[in-house]
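Participant: My structure is in run-v3.cif, and what it holds is mmCIF, C-alpha atoms:
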```cif
data_my_file
loop_
_atom_site.label_atom_id
_atom_site.label_comp_id
_atom_site.auth_asym_id
_atom_site.auth_seq_id
_atom_site.Cartn_x
_atom_site.Cartn_y
_atom_site.Cartn_z
CA MET A 54 -39.52 -0.85 -96.34
CA ALA A 55 -36.49 1.46 -96.10
CA PHE A 56 -34.02 1.16 -93.25
CA PRO A 57 -32.07 4.18 -91.95
CA VAL A 58 -28.55 3.53 -90.70
CA ALA A 59 -27.56 3.62 -87.03
CA PRO A 60 -24.35 2.48 -85.30
CA VAL A 61 -24.25 -1.05 -83.91
CA THR A 62 -23.61 -1.36 -80.18
CA GLY A 63 -19.92 -1.84 -79.54
CA ALA A 64 -18.87 -1.38 -83.17
CA LYS A 65 -16.99 1.40 -84.87
CA THR A 66 -19.04 3.57 -87.20
CA GLY A 67 -18.14 5.01 -90.55
CA ALA A 68 -19.65 5.21 -94.03
CA LYS A 69 -23.40 4.99 -94.46
CA ALA A 70 -25.48 2.89 -96.82
CA GLY A 71 -24.78 3.82 -100.38
CA ALA A 72 -21.36 5.32 -99.67
CA LYS A 73 -18.72 4.71 -102.29
CA PRO A 74 -16.13 1.99 -101.60
CA GLY A 75 -12.92 3.20 -100.08
CA ALA A 76 -10.40 2.67 -97.34
CA ARG A 77 -11.93 2.09 -93.89
CA ALA A 78 -10.65 1.18 -90.50
CA GLY A 79 -10.89 -2.56 -90.07
CA ALA A 80 -9.20 -5.86 -89.59
CA ARG A 81 -6.20 -6.98 -91.61
CA GLU A 82 -6.55 -9.76 -94.19
CA GLU A 83 -4.78 -13.13 -94.52
CA PRO A 84 -5.09 -15.68 -97.37
CA ARG A 85 -5.45 -18.57 -94.93
CA ILE A 86 -6.70 -18.68 -91.34
CA PRO A 87 -6.38 -22.00 -89.47
CA PHE A 88 -9.56 -22.97 -87.66
CA ALA A 89 -9.59 -21.92 -84.01
CA ARG A 90 -12.11 -21.84 -81.20
CA ARG A 91 -14.17 -18.66 -81.08
CA TYR A 92 -16.54 -19.56 -78.23
CA GLN A 93 -17.00 -22.52 -75.91
CA ALA A 94 -19.23 -23.23 -72.92
CA VAL A 95 -20.92 -26.04 -71.01
CA GLN A 96 -24.32 -24.76 -69.99
CA HIS A 97 -28.05 -25.40 -70.09
CA GLY A 98 -28.91 -24.07 -73.53
CA GLY A 99 -28.09 -24.51 -77.19
CA ILE A 100 -27.06 -22.90 -80.47
CA VAL A 101 -29.32 -21.50 -83.19
CA ARG A 102 -28.58 -19.73 -86.44
CA ALA A 103 -30.10 -17.59 -89.17
CA ALA A 104 -28.65 -17.54 -92.70
CA ASN A 105 -29.25 -16.53 -96.29
CA SER A 106 -27.47 -16.10 -99.59
CA VAL A 107 -27.19 -12.66 -101.23
CA VAL A 108 -26.85 -13.38 -104.95
CA SER A 109 -28.79 -15.63 -107.33
CA CYS A 110 -29.41 -16.22 -111.03
CA ARG A 111 -31.37 -13.74 -113.16
CA ALA A 112 -34.84 -15.14 -113.81
CA GLU A 113 -35.33 -13.36 -117.12
CA GLY A 114 -34.84 -13.87 -120.84
CA ASP A 115 -33.81 -17.25 -122.24
CA ALA A 116 -32.51 -18.40 -118.84
CA ALA A 117 -35.73 -17.70 -116.93
CA ASP A 118 -37.01 -21.28 -116.83
CA SER A 119 -33.64 -22.83 -115.95
CA CYS A 120 -33.06 -20.19 -113.27
CA GLU A 121 -36.43 -20.83 -111.67
CA ALA A 122 -35.75 -24.58 -111.72
CA ALA A 123 -32.38 -24.01 -110.06
CA ARG A 124 -33.86 -21.81 -107.36
CA ALA A 125 -36.45 -24.51 -106.67
CA GLY A 126 -33.68 -27.02 -105.95
CA GLY A 127 -32.57 -28.36 -109.32
CA ASN A 128 -29.03 -29.50 -110.03
CA ALA A 129 -27.43 -26.31 -111.31
CA VAL A 130 -24.33 -24.29 -110.45
CA ASN A 131 -23.58 -20.59 -110.34
CA HIS A 132 -21.22 -20.44 -113.32
CA GLN A 133 -24.08 -21.51 -115.60
CA PHE A 134 -25.88 -18.22 -115.01
CA ASP A 135 -25.60 -14.49 -115.10
CA MET A 136 -25.84 -13.80 -111.36
CA PHE A 137 -27.50 -10.78 -109.78
CA TYR A 138 -28.13 -9.49 -106.25
CA SER A 139 -31.09 -10.34 -104.06
CA ASP A 140 -32.46 -7.09 -102.63
CA ILE A 141 -35.64 -7.29 -100.57
CA ASP A 142 -35.57 -4.21 -98.32
CA GLY A 143 -36.99 -1.56 -100.68
CA ASP A 144 -34.12 0.76 -99.78
CA PRO A 145 -32.55 2.47 -102.85
CA ASN A 146 -29.29 2.89 -100.91
CA THR A 147 -28.60 -0.87 -100.72
CA TYR A 148 -27.75 -3.11 -103.66
CA ASN A 149 -28.18 -6.44 -101.85
CA SER A 150 -30.25 -7.36 -98.80
CA THR A 151 -31.77 -10.58 -97.49
CA ARG A 152 -33.54 -11.73 -94.32
CA ALA A 153 -33.65 -14.87 -92.22
CA GLU A 154 -35.34 -15.97 -89.02
CA LEU A 155 -33.43 -16.51 -85.78
CA PRO A 156 -35.50 -19.08 -83.82
CA LEU A 157 -34.55 -18.37 -80.20
CA PRO A 158 -36.75 -20.31 -77.76
CA ASP A 159 -38.91 -18.54 -75.18
CA GLY A 160 -37.00 -17.69 -72.04
CA ALA A 161 -33.57 -17.96 -73.65
CA ARG A 162 -30.78 -15.48 -72.86
CA VAL A 163 -28.16 -14.86 -75.53
CA SER A 164 -24.65 -15.78 -74.37
CA TYR A 165 -22.81 -15.03 -77.58
CA ALA A 166 -23.71 -13.99 -81.15
CA ARG A 167 -21.44 -13.75 -84.16
CA LEU A 168 -22.23 -12.68 -87.71
CA TYR A 169 -20.28 -14.23 -90.61
CA TRP A 170 -20.39 -12.96 -94.19
CA GLY A 171 -18.41 -13.46 -97.38
CA GLY A 172 -18.34 -14.35 -101.04
CA ASN A 173 -16.51 -14.07 -104.34
CA LEU A 174 -15.32 -10.64 -105.49
CA ARG A 175 -14.60 -11.65 -109.09
CA ALA A 176 -17.29 -12.69 -111.56
CA GLY A 177 -18.58 -10.47 -114.37
CA GLU A 178 -17.10 -7.59 -112.38
CA GLN A 179 -14.23 -7.18 -109.92
CA LYS A 180 -15.32 -5.81 -106.56
CA PRO A 181 -12.77 -3.94 -104.41
CA ALA A 182 -11.64 -5.67 -101.24
CA ALA A 183 -11.91 -2.43 -99.26
CA ASP A 184 -15.52 -3.27 -98.36
CA ASN A 185 -14.91 -6.85 -97.22
CA GLY A 186 -15.08 -5.90 -93.57
CA ARG A 187 -18.36 -4.00 -93.60
CA VAL A 188 -22.05 -4.91 -93.75
CA LEU A 189 -25.35 -3.41 -92.65
CA PHE A 190 -27.31 -5.35 -90.04
CA ALA A 191 -30.88 -4.82 -88.82
CA GLU A 192 -32.66 -6.52 -85.95
CA PRO A 193 -36.34 -7.53 -86.32
CA GLY A 194 -38.26 -4.35 -87.13
CA GLY A 195 -35.20 -2.19 -86.55
CA ALA A 196 -32.93 0.16 -88.47
CA TYR A 197 -29.72 -0.77 -90.24
CA ARG A 198 -26.56 -0.58 -88.17
CA GLU A 199 -23.09 -0.66 -89.66
CA VAL A 200 -21.07 -3.68 -88.52
CA LEU A 201 -17.32 -3.83 -89.07
CA ALA A 202 -15.21 -6.98 -88.88
CA ASP A 203 -13.45 -7.27 -85.53
CA THR A 204 -10.95 -10.01 -86.38
CA VAL A 205 -8.63 -11.10 -89.20
CA ILE A 206 -10.47 -11.37 -92.53
CA GLY A 207 -9.77 -14.43 -94.67
CA HIS A 208 -9.12 -13.22 -98.22
CA ARG A 209 -7.51 -15.36 -100.89
CA THR A 210 -7.08 -14.52 -104.56
CA ASP A 211 -6.11 -17.18 -107.08
CA GLU A 212 -6.35 -17.61 -110.85
CA VAL A 213 -10.11 -18.05 -110.91
CA ALA A 214 -11.60 -16.63 -107.70
CA ASP A 215 -11.24 -13.79 -105.23
CA ALA A 216 -12.90 -15.11 -102.07
CA TYR A 217 -13.18 -13.83 -98.52
CA GLN A 218 -14.95 -14.22 -95.19
CA ALA A 219 -15.31 -11.66 -92.41
CA SER A 220 -17.08 -11.74 -89.05
CA ALA A 221 -18.03 -9.64 -86.04
CA ASP A 222 -19.35 -10.01 -82.51
CA VAL A 223 -22.96 -8.75 -82.42
CA THR A 224 -23.88 -10.14 -78.99
CA PRO A 225 -25.30 -6.92 -77.42
CA LEU A 226 -27.65 -6.22 -80.32
CA VAL A 227 -28.96 -9.78 -80.61
CA ARG A 228 -29.30 -10.11 -76.82
CA ASP A 229 -31.47 -6.99 -76.72
CA SER A 230 -33.48 -7.87 -79.86
CA GLY A 231 -34.27 -11.56 -79.39
CA PRO A 232 -35.82 -13.85 -82.01
CA GLY A 233 -37.25 -12.85 -85.36
CA LEU A 234 -36.23 -11.86 -88.87
CA TYR A 235 -32.78 -10.27 -89.14
CA THR A 236 -31.69 -8.40 -92.27
CA VAL A 237 -28.16 -8.16 -93.68
CA ALA A 238 -27.27 -5.82 -96.54
CA GLN A 239 -24.26 -4.64 -98.55
CA VAL A 240 -22.35 -7.94 -98.43
CA ASN A 241 -19.39 -7.34 -100.76
CA VAL A 242 -20.00 -9.81 -103.61
CA ALA A 243 -19.51 -9.55 -107.37
CA MET A 244 -22.38 -10.08 -109.79
CA GLY A 245 -22.23 -11.30 -113.38
CA ARG A 246 -20.94 -14.45 -115.01
CA SER A 247 -17.57 -16.20 -115.07
CA ALA A 248 -16.06 -19.68 -115.30
CA VAL A 249 -16.17 -19.90 -111.50
CA GLY A 250 -19.37 -18.00 -110.85
CA SER A 251 -20.64 -15.60 -108.24
CA TRP A 252 -21.56 -16.62 -104.70
CA GLY A 253 -22.02 -15.10 -101.27
CA GLY A 254 -24.06 -15.11 -98.08
CA TRP A 255 -24.22 -14.59 -94.33
CA THR A 256 -24.84 -16.62 -91.19
CA LEU A 257 -25.70 -15.41 -87.69
CA VAL A 258 -24.67 -17.99 -85.04
CA VAL A 259 -26.12 -17.55 -81.54
CA ALA A 260 -25.38 -19.47 -78.33
CA TYR A 261 -28.00 -19.16 -75.59
CA GLU A 262 -28.70 -20.17 -71.99
CA LYS A 263 -32.06 -21.53 -70.84
CA ASN A 264 -32.62 -22.94 -67.36
CA ASP A 265 -34.84 -25.86 -68.41
CA ALA A 266 -32.75 -26.86 -71.46
CA PRO A 267 -30.40 -29.88 -71.31
CA LEU A 268 -26.82 -29.41 -70.14
CA ARG A 269 -24.80 -29.17 -73.36
CA HIS A 270 -21.38 -28.56 -74.82
CA LEU A 271 -21.51 -25.47 -77.05
CA ALA A 272 -18.57 -24.66 -79.32
CA LEU A 273 -18.05 -22.25 -82.22
CA TRP A 274 -14.96 -22.46 -84.43
CA ASP A 275 -13.97 -20.42 -87.47
CA GLY A 276 -11.17 -19.94 -89.97
CA PHE A 277 -10.63 -19.70 -93.71
CA GLU A 278 -9.44 -22.87 -95.45
CA THR A 279 -9.67 -23.82 -99.12
CA LEU A 280 -10.25 -27.32 -100.46
CA GLY A 281 -9.81 -28.39 -104.08
CA THR A 282 -8.16 -30.96 -106.29
CA ASP A 283 -4.69 -30.08 -104.94
CA HIS A 284 -5.75 -30.00 -101.29
CA GLY A 285 -8.66 -32.36 -100.83
CA SER A 286 -9.24 -32.55 -97.08
CA ALA A 287 -9.10 -30.51 -93.88
CA GLY A 288 -9.87 -31.40 -90.28
CA VAL A 289 -10.82 -29.54 -87.13
CA ASP A 290 -10.14 -31.10 -83.72
CA ILE A 291 -12.84 -29.78 -81.41
CA GLY A 292 -11.01 -31.38 -78.47
CA PRO A 293 -12.45 -32.89 -75.28
CA LEU A 294 -16.20 -33.28 -75.58
CA ARG A 295 -17.50 -35.79 -73.05
CA THR A 296 -21.00 -36.94 -73.95
CA PRO A 297 -23.16 -39.74 -72.50
CA GLU A 298 -24.32 -42.78 -74.48
CA ARG A 299 -27.17 -42.06 -76.90
CA ALA A 300 -26.51 -38.35 -76.63
CA SER A 301 -28.13 -35.92 -79.03
CA GLY A 302 -26.19 -33.26 -80.84
CA ARG A 303 -25.94 -31.04 -83.91
CA LEU A 304 -23.11 -29.81 -86.14
CA GLY A 305 -23.46 -26.61 -88.15
CA VAL A 306 -21.16 -25.60 -91.01
CA VAL A 307 -20.63 -22.51 -93.18
CA VAL A 308 -19.04 -23.25 -96.57
CA TYR A 309 -18.73 -21.22 -99.78
CA ASP A 310 -19.04 -22.40 -103.41
CA GLY A 311 -20.27 -25.92 -102.84
CA ASP A 312 -21.92 -26.78 -106.18
CA ARG A 313 -25.09 -28.85 -106.39
CA GLY A 314 -24.55 -31.94 -108.52
CA VAL A 315 -20.73 -31.81 -108.39
CA THR A 316 -20.04 -34.94 -106.35
CA GLY A 317 -17.09 -35.95 -104.22
CA ASP A 318 -17.40 -33.69 -101.18
CA THR A 319 -17.91 -35.33 -97.79
CA LEU A 320 -18.30 -34.47 -94.10
CA THR A 321 -17.34 -36.89 -91.32
CA VAL A 322 -17.01 -36.72 -87.55
CA GLU A 323 -14.72 -38.77 -85.34
CA THR A 324 -15.52 -39.54 -81.69
CA GLY A 325 -12.60 -41.86 -80.94
CA PRO A 326 -9.82 -43.91 -82.56
CA GLY A 327 -11.24 -45.62 -85.65
CA GLU A 328 -14.74 -44.29 -84.99
CA SER A 329 -15.82 -42.19 -87.96
CA VAL A 330 -19.37 -41.40 -89.05
CA ALA A 331 -20.28 -39.75 -92.36
CA LEU A 332 -22.87 -37.00 -91.99
CA HIS A 333 -25.58 -36.69 -94.60
CA ASN A 334 -29.35 -36.47 -94.95
CA LYS A 335 -32.03 -36.19 -97.62
CA ALA A 336 -31.04 -32.61 -98.43
CA ASN A 337 -27.28 -33.24 -98.28
CA PRO A 338 -26.30 -36.50 -100.05
CA SER A 339 -23.28 -38.39 -98.72
CA ASP A 340 -21.16 -37.62 -101.81
CA ASP A 341 -22.46 -34.06 -102.35
CA VAL A 342 -22.81 -32.73 -98.82
CA MET A 343 -21.88 -29.15 -99.62
CA ASN A 344 -24.50 -28.59 -102.29
CA SER A 345 -25.69 -24.97 -102.04
CA GLY A 346 -28.33 -25.24 -99.37
CA ILE A 347 -29.47 -23.70 -96.09
CA THR A 348 -30.86 -26.66 -94.20
CA ASP A 349 -31.42 -28.08 -90.71
CA SER A 350 -31.27 -31.89 -90.39
CA GLY A 351 -32.39 -32.29 -93.99
CA PHE A 352 -35.19 -29.76 -93.89
CA GLY A 353 -35.50 -26.05 -94.63
CA GLY A 354 -33.52 -23.83 -92.30
CA GLY A 355 -36.35 -21.55 -91.13
CA GLU A 356 -38.07 -18.58 -92.76
CA ARG A 357 -35.96 -16.67 -95.29
CA GLN A 358 -36.58 -13.81 -97.72
CA PRO A 359 -35.92 -14.84 -100.44
CA SER A 360 -35.98 -18.57 -99.75
CA TYR A 361 -34.21 -20.45 -102.55
CA ALA A 362 -33.64 -24.19 -102.14
CA ASN A 363 -30.50 -23.98 -104.29
CA THR A 364 -28.50 -20.96 -103.16
CA LEU A 365 -26.05 -21.38 -106.07
CA GLY A 366 -22.91 -21.38 -103.99
CA TYR A 367 -23.63 -20.86 -100.29
CA ASP A 368 -23.99 -23.55 -97.61
CA SER A 369 -25.16 -22.99 -94.06
CA ASP A 370 -26.21 -26.46 -92.96
CA VAL A 371 -26.98 -28.15 -89.64
CA PHE A 372 -26.52 -31.92 -89.26
CA ASP A 373 -27.82 -34.38 -86.66
CA LEU A 374 -24.95 -35.91 -84.63
CA SER A 375 -27.02 -38.60 -82.88
CA ASP A 376 -25.59 -41.52 -84.91
CA ALA A 377 -22.07 -40.41 -84.09
CA LEU A 378 -22.83 -40.12 -80.36
CA VAL A 379 -24.57 -43.48 -79.83
CA SER A 380 -21.67 -44.77 -77.72
CA GLY A 381 -20.88 -41.39 -76.23
CA SER A 382 -17.62 -39.59 -76.80
CA GLU A 383 -14.53 -38.20 -75.11
CA GLY A 384 -13.74 -35.81 -77.94
CA LEU A 385 -14.84 -34.78 -81.40
CA GLY A 386 -13.09 -34.20 -84.70
CA VAL A 387 -14.63 -32.87 -87.90
CA ARG A 388 -13.24 -33.58 -91.38
CA PHE A 389 -14.21 -32.04 -94.72
CA GLY A 390 -13.30 -33.70 -98.02
CA ALA A 391 -13.49 -32.55 -101.65
CA GLU A 392 -12.55 -34.48 -104.80
CA ARG A 393 -13.98 -32.40 -107.66
CA ASP A 394 -15.49 -29.33 -106.04
CA SER A 395 -13.72 -26.25 -104.69
CA LEU A 396 -14.81 -25.39 -101.16
CA TRP A 397 -14.03 -22.41 -98.97
CA LEU A 398 -14.52 -23.36 -95.30
CA GLY A 399 -15.65 -20.57 -92.99
CA ALA A 400 -17.13 -21.71 -89.67
CA LEU A 401 -18.62 -24.60 -87.72
CA PHE A 402 -20.48 -25.02 -84.46
CA VAL A 403 -21.26 -27.98 -82.20
CA GLU A 404 -24.12 -28.50 -79.77
CA ALA A 405 -23.99 -31.81 -77.88
CA ASP A 406 -25.37 -33.24 -74.62
CA ALA A 407 -22.83 -33.04 -71.80
CA ARG A 408 -22.03 -35.86 -69.39
CA ASN A 409 -23.03 -34.97 -65.82
#
```
The structure given in the file should be rewritten as structure tokens.
Facilitator:
Amino acid sequence: MAFPVAPVTGAKTGAKAGAKPGARAGAREEPRIPFARRYQAVQHGGIVRAANSVVSCRAEGDAADSCEAARAGGNAVNHQFDMFYSDIDGDPNTYNSTRAELPLPDGARVSYARLYWGGNLRAGEQKPAADNGRVLFAEPGGAYREVLADTVIGHRTDEVADAYQASADVTPLVRDSGPGLYTVAQVNVAMGRSAVGSWGGWTLVVAYEKNDAPLRHLALWDGFETLGTDHGSAGVDIGPLRTPERASGRLGVVVYDGDRGVTGDTLTVETGPGESVALHNKANPSDDVMNSGITDSGFGGGERQPSYANTLGYDSDVFDLSDALVSGSEGLGVRFGAERDSLWLGALFVEADARN
């Protein structure tokens, strides 16, 4: 199915699908962006997300069997393969496009929606950074709309990678469109093969209100931080977050280039002095938490097209916080660790029961 291009509500418009890269109006870029709060509320409701990767291995030739095994969830990493775009929309004007389901509950009203996208610009080819701040975005059954980044873009180039993340407020469009399969196209990502590999993806994070839902803390934070052997940990202090005993909660994270089978990366939350709980589940082992998956509490993260278990370099995972909130909390801190893997941290969100 082909998608024509229309402007997104509240966004600037410019080049259409298939236009050649070039200078465009947009946000400035910085190599590092400290994590900061993007949205916060205490309301009856919750947070949901849709996500997908945009590049995968080529399932052809001598690598066909190993590529298929990787896509099915095998321990494999992106630099082992010649990587190529996923493109499911049937539109000759787009070179990558993927879909994912946003599972808004009946009766929910969207409070805030933000789209994150990013990847590596250097693999078998070098992509220009001029297109970092632009993607095409289509609501369920709708036409593509150009979305431009509305805040500082994280973009860091080093000896082996050229990575970035951009984001934009898409609240009006998602509020009007509701649940269903959203499509994102033209994410600026390099294809090919290199010692580091190709990776990229997108995540749509949506906070909603619903009268009969529990009263909850909802918080969305984002930034652009890099972890590796020379800088192995980073923390985000969510701040005051008063929850009752035996509260339920969820933590969502967006991370780039977490390799499946490369151990040493961890995710912990702190709810008080000396109270630290490691987050993991059957899909995200305790010593390989960022392992190229799109999951929700250890299970698949909703309908996706395509739906690869190993995304080969893109994590959009949701973790259960119940064990960390058994005794309640006055605040919450989140800490990422990496010993052998290189991780690019992009965003996180928290949904947790609020104390009346």
Participant: For the structure shown, which residues end up in the PyMOL selection byres ((chain A and resi 282-289) around 9)? Put them as an mmCIF file with C-alpha atoms, in the coordinates of the input, please?
Facilitator:
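Output file result.cif follows:
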```cif
data_model
loop_
_atom_site.group_PDB
_atom_site.id
_atom_site.type_symbol
_atom_site.label_atom_id
_atom_site.label_comp_id
_atom_site.auth_asym_id
_atom_site.auth_seq_id
_atom_site.Cartn_x
_atom_site.Cartn_y
_atom_site.Cartn_z
ATOM 1 C CA PHE A 88 -9.560 -22.970 -87.660
ATOM 2 C CA ALA A 89 -9.590 -21.920 -84.010
ATOM 3 C CA TRP A 274 -14.960 -22.460 -84.430
ATOM 4 C CA GLU A 278 -9.440 -22.870 -95.450
ATOM 5 C CA THR A 279 -9.670 -23.820 -99.120
ATOM 6 C CA LEU A 280 -10.250 -27.320 -100.460
ATOM 7 C CA GLY A 281 -9.810 -28.390 -104.080
ATOM 8 C CA ASP A 290 -10.140 -31.100 -83.720
ATOM 9 C CA ILE A 291 -12.840 -29.780 -81.410
ATOM 10 C CA GLY A 292 -11.010 -31.380 -78.470
ATOM 11 C CA ASP A 318 -17.400 -33.690 -101.180
ATOM 12 C CA LEU A 385 -14.840 -34.780 -81.400
ATOM 13 C CA GLY A 386 -13.090 -34.200 -84.700
ATOM 14 C CA VAL A 387 -14.630 -32.870 -87.900
ATOM 15 C CA ARG A 388 -13.240 -33.580 -91.380
ATOM 16 C CA PHE A 389 -14.210 -32.040 -94.720
ATOM 17 C CA GLY A 390 -13.300 -33.700 -98.020
ATOM 18 C CA ALA A 391 -13.490 -32.550 -101.650
ATOM 19 C CA GLU A 392 -12.550 -34.480 -104.800
ATOM 20 C CA ARG A 393 -13.980 -32.400 -107.660
ATOM 21 C CA ASP A 394 -15.490 -29.330 -106.040
ATOM 22 C CA SER A 395 -13.720 -26.250 -104.690
#
```
Participant: Give me the result of the PyMOL selection byres ((chain A and resi 124) around 7) on this file, residue by residue, as a PDB file with C-alpha atoms, in the coordinates of the input.
Facilitator:
```pdb
ATOM      1  CA  CYS A 120     -33.060 -20.190-113.270  1.00  0.00           C
ATOM      2  CA  GLU A 121     -36.430 -20.830-111.670  1.00  0.00           C
ATOM      3  CA  ALA A 122     -35.750 -24.580-111.720  1.00  0.00           C
ATOM      4  CA  ALA A 123     -32.380 -24.010-110.060  1.00  0.00           C
ATOM      5  CA  ALA A 125     -36.450 -24.510-106.670  1.00  0.00           C
ATOM      6  CA  GLY A 126     -33.680 -27.020-105.950  1.00  0.00           C
ATOM      7  CA  GLY A 127     -32.570 -28.360-109.320  1.00  0.00           C
ATOM      8  CA  TYR A 361     -34.210 -20.450-102.550  1.00  0.00           C
ATOM      9  CA  ALA A 362     -33.640 -24.190-102.140  1.00  0.00           C
ATOM     10  CA  ASN A 363     -30.500 -23.980-104.290  1.00  0.00           C
ATOM     11  CA  THR A 364     -28.500 -20.960-103.160  1.00  0.00           C
TER      12      THR A 364
END
```
Participant: Please list, as a short mmCIF file (atom, residue, chain, number, x, y, z; two decimals) with C-alpha atoms, in the coordinates of the input, the residues that have an atom at most 10 Å away from (-14.1, -13.3, -112.0) in the coordinates of this file, counting all atoms listed in the file.
Facilitator:
```
data_model
loop_
_atom_site.label_atom_id
_atom_site.label_comp_id
_atom_site.auth_asym_id
_atom_site.auth_seq_id
_atom_site.Cartn_x
_atom_site.Cartn_y
_atom_site.Cartn_z
CA ASN A 173 -16.51 -14.07 -104.34
CA LEU A 174 -15.32 -10.64 -105.49
CA ARG A 175 -14.60 -11.65 -109.09
CA ALA A 176 -17.29 -12.69 -111.56
CA GLY A 177 -18.58 -10.47 -114.37
CA GLU A 178 -17.10 -7.59 -112.38
CA GLN A 179 -14.23 -7.18 -109.92
CA LYS A 180 -15.32 -5.81 -106.56
CA GLU A 212 -6.35 -17.61 -110.85
CA VAL A 213 -10.11 -18.05 -110.91
CA ALA A 214 -11.60 -16.63 -107.70
CA ASP A 215 -11.24 -13.79 -105.23
CA ALA A 243 -19.51 -9.55 -107.37
CA MET A 244 -22.38 -10.08 -109.79
CA GLY A 245 -22.23 -11.30 -113.38
CA ARG A 246 -20.94 -14.45 -115.01
CA SER A 247 -17.57 -16.20 -115.07
CA ALA A 248 -16.06 -19.68 -115.30
CA VAL A 249 -16.17 -19.90 -111.50
CA GLY A 250 -19.37 -18.00 -110.85
CA SER A 251 -20.64 -15.60 -108.24
#
```
Participant: Using all atoms listed in the file, find the one residue out of A:His97, A:Arg90, A:Arg209, A:Arg85 that sits nearest to A:Asp265.
Facilitator: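 Smallest distance to A:Asp265 is found for A:His97.
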Participant: Dig up all the protein and nucleic acid residues within 12 Å of (-31.9, -18.4, -107.0) in the file frame, using all atoms listed in the file, and format them as number ranges by chain.
Facilitator: A: 105-113, 116-131, 134-139, 251-253, 345-346, 358-367
Participant: Can you check which parts of stretch 356-387 of chain A lie within 8 Å of stretch 327-337 of chain A? Per residue, the shortest pair of atoms and distance in Å to one decimal, counting only C-alpha atoms, sorted by chain and number, as a Markdown table.
Facilitator:
```
| residue | atom | partner | partner_atom | distance |
| --- | --- | --- | --- | --- |
| A:Phe372 | CA | A:Leu332 | CA | 6.8 |
| A:Asp373 | CA | A:Leu332 | CA | 7.7 |
| A:Leu374 | CA | A:Leu332 | CA | 7.7 |
| A:Asp376 | CA | A:Val330 | CA | 7.5 |
| A:Ala377 | CA | A:Val330 | CA | 5.7 |
```
Participant: How many Å lie between atom CA of A:Pro297 and atom CA of A:Ala260, rounded to one decimal?
Facilitator: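 According to the coordinates, atom CA of A:Pro297 and atom CA of A:Ala260 are separated by 21.2 Å.
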Participant: Which residue is closest to A:Asp229? Choose from A:Val95, A:Val163, A:Val403, A:Val342 and count only C-alpha atoms.
Facilitator: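 Between A:Val95, A:Val163, A:Val403, A:Val342, the residue approaching A:Asp229 most closely is A:Val163.
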Participant: What's the separation between atom CA of A:Gly194 and atom CA of A:Tyr235, in Å to one decimal place?
Facilitator: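 Computing it gives 8.3 Å between the two atoms.
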Participant: Could you complete stretch 351-363 of chain A so that it carries N, CA and C atoms, and give it back as a short mmCIF file (atom, residue, chain, number, x, y, z; two decimals), in the frame of the given file?
Facilitator:
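This went into result_28.cif:
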```
data_model
loop_
_atom_site.label_atom_id
_atom_site.label_comp_id
_atom_site.auth_asym_id
_atom_site.auth_seq_id
_atom_site.Cartn_x
_atom_site.Cartn_y
_atom_site.Cartn_z
N GLY A 351 -31.75 -31.86 -92.76
CA GLY A 351 -32.39 -32.29 -93.99
C GLY A 351 -33.61 -31.52 -94.40
N PHE A 352 -34.01 -30.56 -93.58
CA PHE A 352 -35.19 -29.76 -93.89
C PHE A 352 -34.80 -28.30 -94.07
N GLY A 353 -35.77 -27.46 -94.46
CA GLY A 353 -35.50 -26.05 -94.63
C GLY A 353 -35.03 -25.41 -93.35
N GLY A 354 -34.14 -24.43 -93.48
CA GLY A 354 -33.52 -23.83 -92.30
C GLY A 354 -34.26 -22.63 -91.76
N GLY A 355 -35.59 -22.66 -91.68
CA GLY A 355 -36.35 -21.55 -91.13
C GLY A 355 -36.80 -20.58 -92.22
N GLU A 356 -37.56 -19.56 -91.81
CA GLU A 356 -38.07 -18.58 -92.76
C GLU A 356 -36.93 -17.73 -93.30
N ARG A 357 -36.96 -17.52 -94.63
CA ARG A 357 -35.96 -16.67 -95.29
C ARG A 357 -36.65 -15.84 -96.37
N GLN A 358 -36.09 -14.69 -96.64
CA GLN A 358 -36.58 -13.81 -97.72
C GLN A 358 -35.37 -13.32 -98.52
N PRO A 359 -35.19 -13.77 -99.75
CA PRO A 359 -35.92 -14.84 -100.44
C PRO A 359 -35.52 -16.20 -99.88
N SER A 360 -36.23 -17.24 -100.28
CA SER A 360 -35.98 -18.57 -99.75
C SER A 360 -35.76 -19.55 -100.90
N TYR A 361 -34.54 -19.57 -101.44
CA TYR A 361 -34.21 -20.45 -102.55
C TYR A 361 -33.65 -21.77 -102.03
N ALA A 362 -34.14 -22.89 -102.55
CA ALA A 362 -33.64 -24.19 -102.14
C ALA A 362 -32.21 -24.40 -102.59
N ASN A 363 -31.88 -23.95 -103.79
CA ASN A 363 -30.50 -23.98 -104.29
C ASN A 363 -29.98 -22.55 -104.24
#
```
